>>> print(open('work-v1.txt').read())   # compact mmCIF, C-alpha atoms
# COMPACT_ATOMS: atom_id res chain seq x y z
CA MET A 12 -24.88 -11.88 -21.22
CA SER A 13 -27.74 -11.62 -18.74
CA ASP A 14 -28.60 -8.48 -16.79
CA THR A 15 -27.30 -10.15 -13.62
CA GLN A 16 -23.97 -10.96 -15.28
CA TRP A 17 -23.66 -7.37 -16.49
CA GLN A 18 -24.42 -6.04 -13.03
CA GLU A 19 -21.84 -8.36 -11.44
CA ARG A 20 -19.26 -7.35 -14.02
CA ILE A 21 -19.89 -3.63 -13.49
CA ALA A 22 -19.79 -4.08 -9.69
CA ALA A 23 -16.41 -5.85 -9.97
CA LEU A 24 -15.01 -3.08 -12.19
CA GLU A 25 -16.25 -0.40 -9.81
CA ALA A 26 -14.75 -2.26 -6.83
CA LYS A 27 -11.38 -2.54 -8.58
CA ASP A 28 -11.40 1.18 -9.35
CA GLU A 29 -12.26 2.00 -5.74
CA VAL A 30 -9.40 -0.22 -4.53
CA ARG A 31 -6.98 1.54 -6.92
CA GLU A 32 -8.14 4.87 -5.48
CA LEU A 33 -7.54 3.62 -1.93
CA ILE A 34 -4.00 2.54 -2.86
CA ALA A 35 -3.33 5.97 -4.40
CA THR A 36 -4.68 7.63 -1.24
CA TYR A 37 -2.46 5.37 0.90
CA CYS A 38 0.60 6.46 -1.09
CA SER A 39 -0.38 10.14 -0.95
CA LEU A 40 -0.95 10.06 2.81
CA ASN A 41 2.43 8.36 3.32
CA ASP A 42 4.00 11.10 1.23
CA ALA A 43 2.28 13.85 3.24
CA LEU A 44 4.34 12.75 6.29
CA THR A 45 1.96 14.43 8.74
CA ARG A 46 -1.56 13.12 8.07
CA LEU A 47 -1.08 9.98 10.16
CA ASP A 48 -4.61 9.79 11.57
CA GLU A 49 -6.01 9.76 8.03
CA LEU A 50 -3.43 7.16 7.01
CA VAL A 51 -4.31 4.88 9.91
CA GLY A 52 -7.99 5.44 9.11
CA LEU A 53 -7.45 3.46 5.90
CA PHE A 54 -7.18 0.29 8.03
CA THR A 55 -9.92 -1.69 9.74
CA ASP A 56 -9.90 -1.69 13.55
CA ASP A 57 -8.46 -5.21 13.61
CA ALA A 58 -6.16 -4.88 10.59
CA VAL A 59 -2.77 -6.54 10.41
CA MET A 60 0.16 -4.81 8.72
CA VAL A 61 3.29 -6.86 8.08
CA ASN A 62 6.61 -5.27 7.15
CA ALA A 63 10.31 -5.54 7.93
CA ALA A 64 9.68 -4.09 11.40
CA GLY A 65 7.28 -6.93 12.26
CA ASP A 66 3.56 -7.60 12.53
CA HIS A 67 1.43 -4.67 13.66
CA VAL A 68 -2.04 -5.75 14.80
CA GLY A 69 -4.85 -3.21 15.10
CA ARG A 70 -5.06 0.48 14.34
CA ALA A 71 -3.24 1.48 17.53
CA ALA A 72 -0.19 -0.64 16.68
CA ILE A 73 -0.24 0.45 13.04
CA GLY A 74 -0.46 4.07 14.16
CA ALA A 75 2.46 3.60 16.56
CA TYR A 76 4.56 2.17 13.73
CA TYR A 77 3.83 5.13 11.42
CA ARG A 78 4.41 7.68 14.18
CA ALA A 79 7.83 6.15 14.88
CA PHE A 80 8.70 5.98 11.17
CA PHE A 81 7.63 9.56 10.48
CA ASP A 82 9.30 10.95 13.60
CA GLY A 83 10.81 13.93 11.79
CA SER A 84 13.75 12.11 10.24
CA THR A 85 11.88 11.70 6.93
CA GLU A 86 11.94 14.97 5.01
CA PHE A 87 10.57 13.73 1.69
CA ALA A 88 8.62 10.74 0.39
CA ARG A 89 7.14 9.73 -2.95
CA HIS A 90 5.56 6.28 -3.25
CA HIS A 91 4.64 4.79 -6.62
CA THR A 92 2.81 1.57 -7.42
CA MET A 93 2.92 -0.35 -10.67
CA ASN A 94 1.74 -3.62 -12.21
CA GLN A 95 -1.34 -3.67 -10.01
CA VAL A 96 -3.45 -6.82 -9.98
CA ILE A 97 -6.76 -6.65 -8.14
CA ASP A 98 -8.88 -9.74 -7.63
CA ILE A 99 -12.38 -9.58 -6.23
CA LEU A 100 -12.41 -12.59 -3.92
CA GLU A 101 -16.09 -12.16 -3.10
CA PRO A 102 -18.41 -9.16 -2.95
CA GLY A 103 -16.81 -6.69 -0.53
CA VAL A 104 -13.45 -8.49 -0.32
CA ALA A 105 -10.51 -7.84 -2.66
CA ARG A 106 -6.85 -8.74 -2.96
CA HIS A 107 -4.41 -6.15 -4.28
CA ARG A 108 -0.88 -7.00 -5.38
CA SER A 109 1.61 -4.62 -6.95
CA TYR A 110 5.21 -3.56 -7.06
CA PHE A 111 6.17 -0.32 -5.39
CA ILE A 112 9.09 2.04 -5.54
CA ALA A 113 9.60 4.76 -2.95
CA PHE A 114 11.96 7.71 -3.02
CA LEU A 115 12.72 8.97 0.48
CA GLY A 116 14.74 11.78 1.98
CA ARG A 117 15.50 10.20 5.34
CA GLN A 118 18.09 11.19 7.94
CA GLY A 119 19.88 13.32 5.34
CA ASP A 120 20.16 10.48 2.80
CA SER A 121 18.38 10.10 -0.52
CA LYS A 122 16.98 6.59 -0.32
CA ILE A 123 15.34 4.38 -2.90
CA ALA A 124 13.30 1.36 -1.83
CA PHE A 125 11.36 -1.14 -3.85
CA GLY A 126 9.28 -4.18 -3.15
CA GLU A 127 5.81 -5.59 -3.29
CA TYR A 128 2.45 -4.88 -1.71
CA ASP A 129 0.13 -7.81 -1.03
CA ASP A 130 -3.09 -6.59 0.54
CA VAL A 131 -6.53 -7.83 1.48
CA LEU A 132 -9.18 -5.14 1.57
CA VAL A 133 -12.76 -5.14 2.75
CA LYS A 134 -15.63 -2.81 1.92
CA THR A 135 -16.92 -1.07 5.05
CA ALA A 136 -19.51 1.65 5.65
CA GLU A 137 -16.61 4.15 5.26
CA GLY A 138 -15.42 2.57 2.00
CA TRP A 139 -12.62 0.12 1.23
CA ARG A 140 -10.15 -0.48 4.06
CA PHE A 141 -7.07 -2.63 4.53
CA SER A 142 -7.71 -5.70 6.65
CA ARG A 143 -4.25 -7.12 5.91
CA LYS A 144 -1.37 -5.16 4.39
CA VAL A 145 1.97 -6.75 3.59
CA ASN A 146 4.77 -4.39 2.58
CA HIS A 147 7.66 -6.54 1.45
CA VAL A 148 10.77 -4.41 0.93
CA ALA A 149 12.99 -6.28 -1.54
CA GLY A 150 15.77 -3.69 -1.53
CA ILE A 151 16.77 -0.28 -0.22
CA THR A 152 19.77 1.85 -1.01
CA THR A 153 20.90 5.46 -1.23
CA ALA A 154 21.01 7.41 -4.46
CA GLU A 155 24.77 7.75 -4.09
CA SER A 156 25.28 3.98 -3.81
CA GLY A 157 22.98 3.26 -6.72
CA TRP A 158 20.65 0.37 -7.03
CA ALA A 159 22.92 -2.20 -8.68
CA ARG A 160 24.69 -2.99 -5.40
CA GLY A 161 21.82 -2.03 -3.12
CA PHE A 162 19.40 -4.37 -4.84
CA ALA A 163 21.82 -7.13 -5.84
CA GLY A 164 20.29 -10.48 -5.02
CA ALA A 165 16.99 -8.91 -4.00
CA VAL A 166 15.24 -9.70 -7.26
CA ARG A 167 14.56 -13.28 -8.11
>>> encode(input="work-v1.txt", output="structure tokens")
Amino acid sequence: MSDTQWQERIAALEAKDEVRELIATYCSLNDALTRLDELVGLFTDDAVMVNAAGDHVGRAAIGAYYRAFFDGSTEFARHHTMNQVIDILEPGVARHRSYFIAFLGRQGDSKIAFGEYDDVLVKTAEGWRFSRKVNHVAGITTAESGWARGFAGAVR
């Protein structure tokens, strides 16, 4: 393997590790419930976030979504990602896909949600940022209802 190939390989591995760290930071900031400016700072100015509530274009719209979601009715959150696949599409551009599960205390209910993340990230002067974030919720239920009924038909 040439020196150039080694350098490209190391750069790709470093990029993947930095993307994993950004995803972990995203989950931690969601779980903090109150650090919304930092959470929104993980997105580019023109980012698009797609979720069950619609398409949110730009940091202002993404921030408005999170402020409404974390309006005080969420008392607890723990987000977990698994089966991460990170592809370096080109230098400074990556795609992240993973499953997620989230445990939420929301409006007095213990909720469990799961789904998939499908993200495009770009390397900026501030580090990796989301340019497109898709949060596909496949199922959500309460702990009391269990997941068998709450997620029935959600998994293909």
>>> closest_residue(input="work-v1.txt", among="A:Thr85, A:Thr135, A:Gln95, A:Ser109", to="Asn41 of chain A", atoms="only C-alpha atoms")
A:Thr85
>>> closest_residue(input="work-v1.txt", among="A:Leu47, A:Ile151, A:Ile21, A:Leu132", to="Phe80 of chain A", atoms="all atoms listed in the file")
A:Leu47
>>> atom_distance(input="work-v1.txt", atom1="atom CA of Glu25 of chain A", atom2="atom CA of Trp139 of chain A")
11.6 Å
>>> closest_residue(input="work-v1.txt", among="A:Val51, A:Leu24, A:Ile97, A:Ala88", to="Ala75 of chain A", atoms="only C-alpha atoms")
A:Val51
>>> closest_atom_pairs(input="work-v1.txt", of="segment 23-126 of chain A", to="segment 142-149 of chain A", cutoff="10 Å", atoms="all atoms listed in the file", output="tab-separated table")
residue	atom	partner	partner_atom	distance
A:Leu53	CA	A:Ser142	CA	9.2
A:Phe54	CA	A:Ser142	CA	6.2
A:Thr55	CA	A:Ser142	CA	5.5
A:Asp56	CA	A:Ser142	CA	8.3
A:Asp57	CA	A:Ser142	CA	7.0
A:Ala58	CA	A:Ser142	CA	4.3
A:Val59	CA	A:Arg143	CA	4.8
A:Met60	CA	A:Lys144	CA	4.6
A:Val61	CA	A:Val145	CA	4.7
A:Asn62	CA	A:Asn146	CA	5.0
A:Ala63	CA	A:His147	CA	7.1
A:Asp66	CA	A:Val145	CA	9.1
A:His67	CA	A:Lys144	CA	9.7
A:Val68	CA	A:Arg143	CA	9.3
A:Gly69	CA	A:Ser142	CA	9.3
A:Val104	CA	A:Ser142	CA	9.5
A:Ala105	CA	A:Ser142	CA	10.0
A:Arg106	CA	A:Arg143	CA	9.4
A:His107	CA	A:Lys144	CA	9.2
A:Arg108	CA	A:Val145	CA	9.4
A:Tyr110	CA	A:His147	CA	9.3
A:Phe111	CA	A:Val148	CA	8.8
A:Ile112	CA	A:Val148	CA	9.3
A:Ala124	CA	A:Val148	CA	6.9
A:Phe125	CA	A:Val148	CA	5.8
A:Gly126	CA	A:Val148	CA	4.3
>>> closest_residue(input="work-v1.txt", among="A:Leu44, A:Arg31, A:Gly116, A:His91", to="Ala79 of chain A", atoms="all atoms listed in the file")
A:Leu44
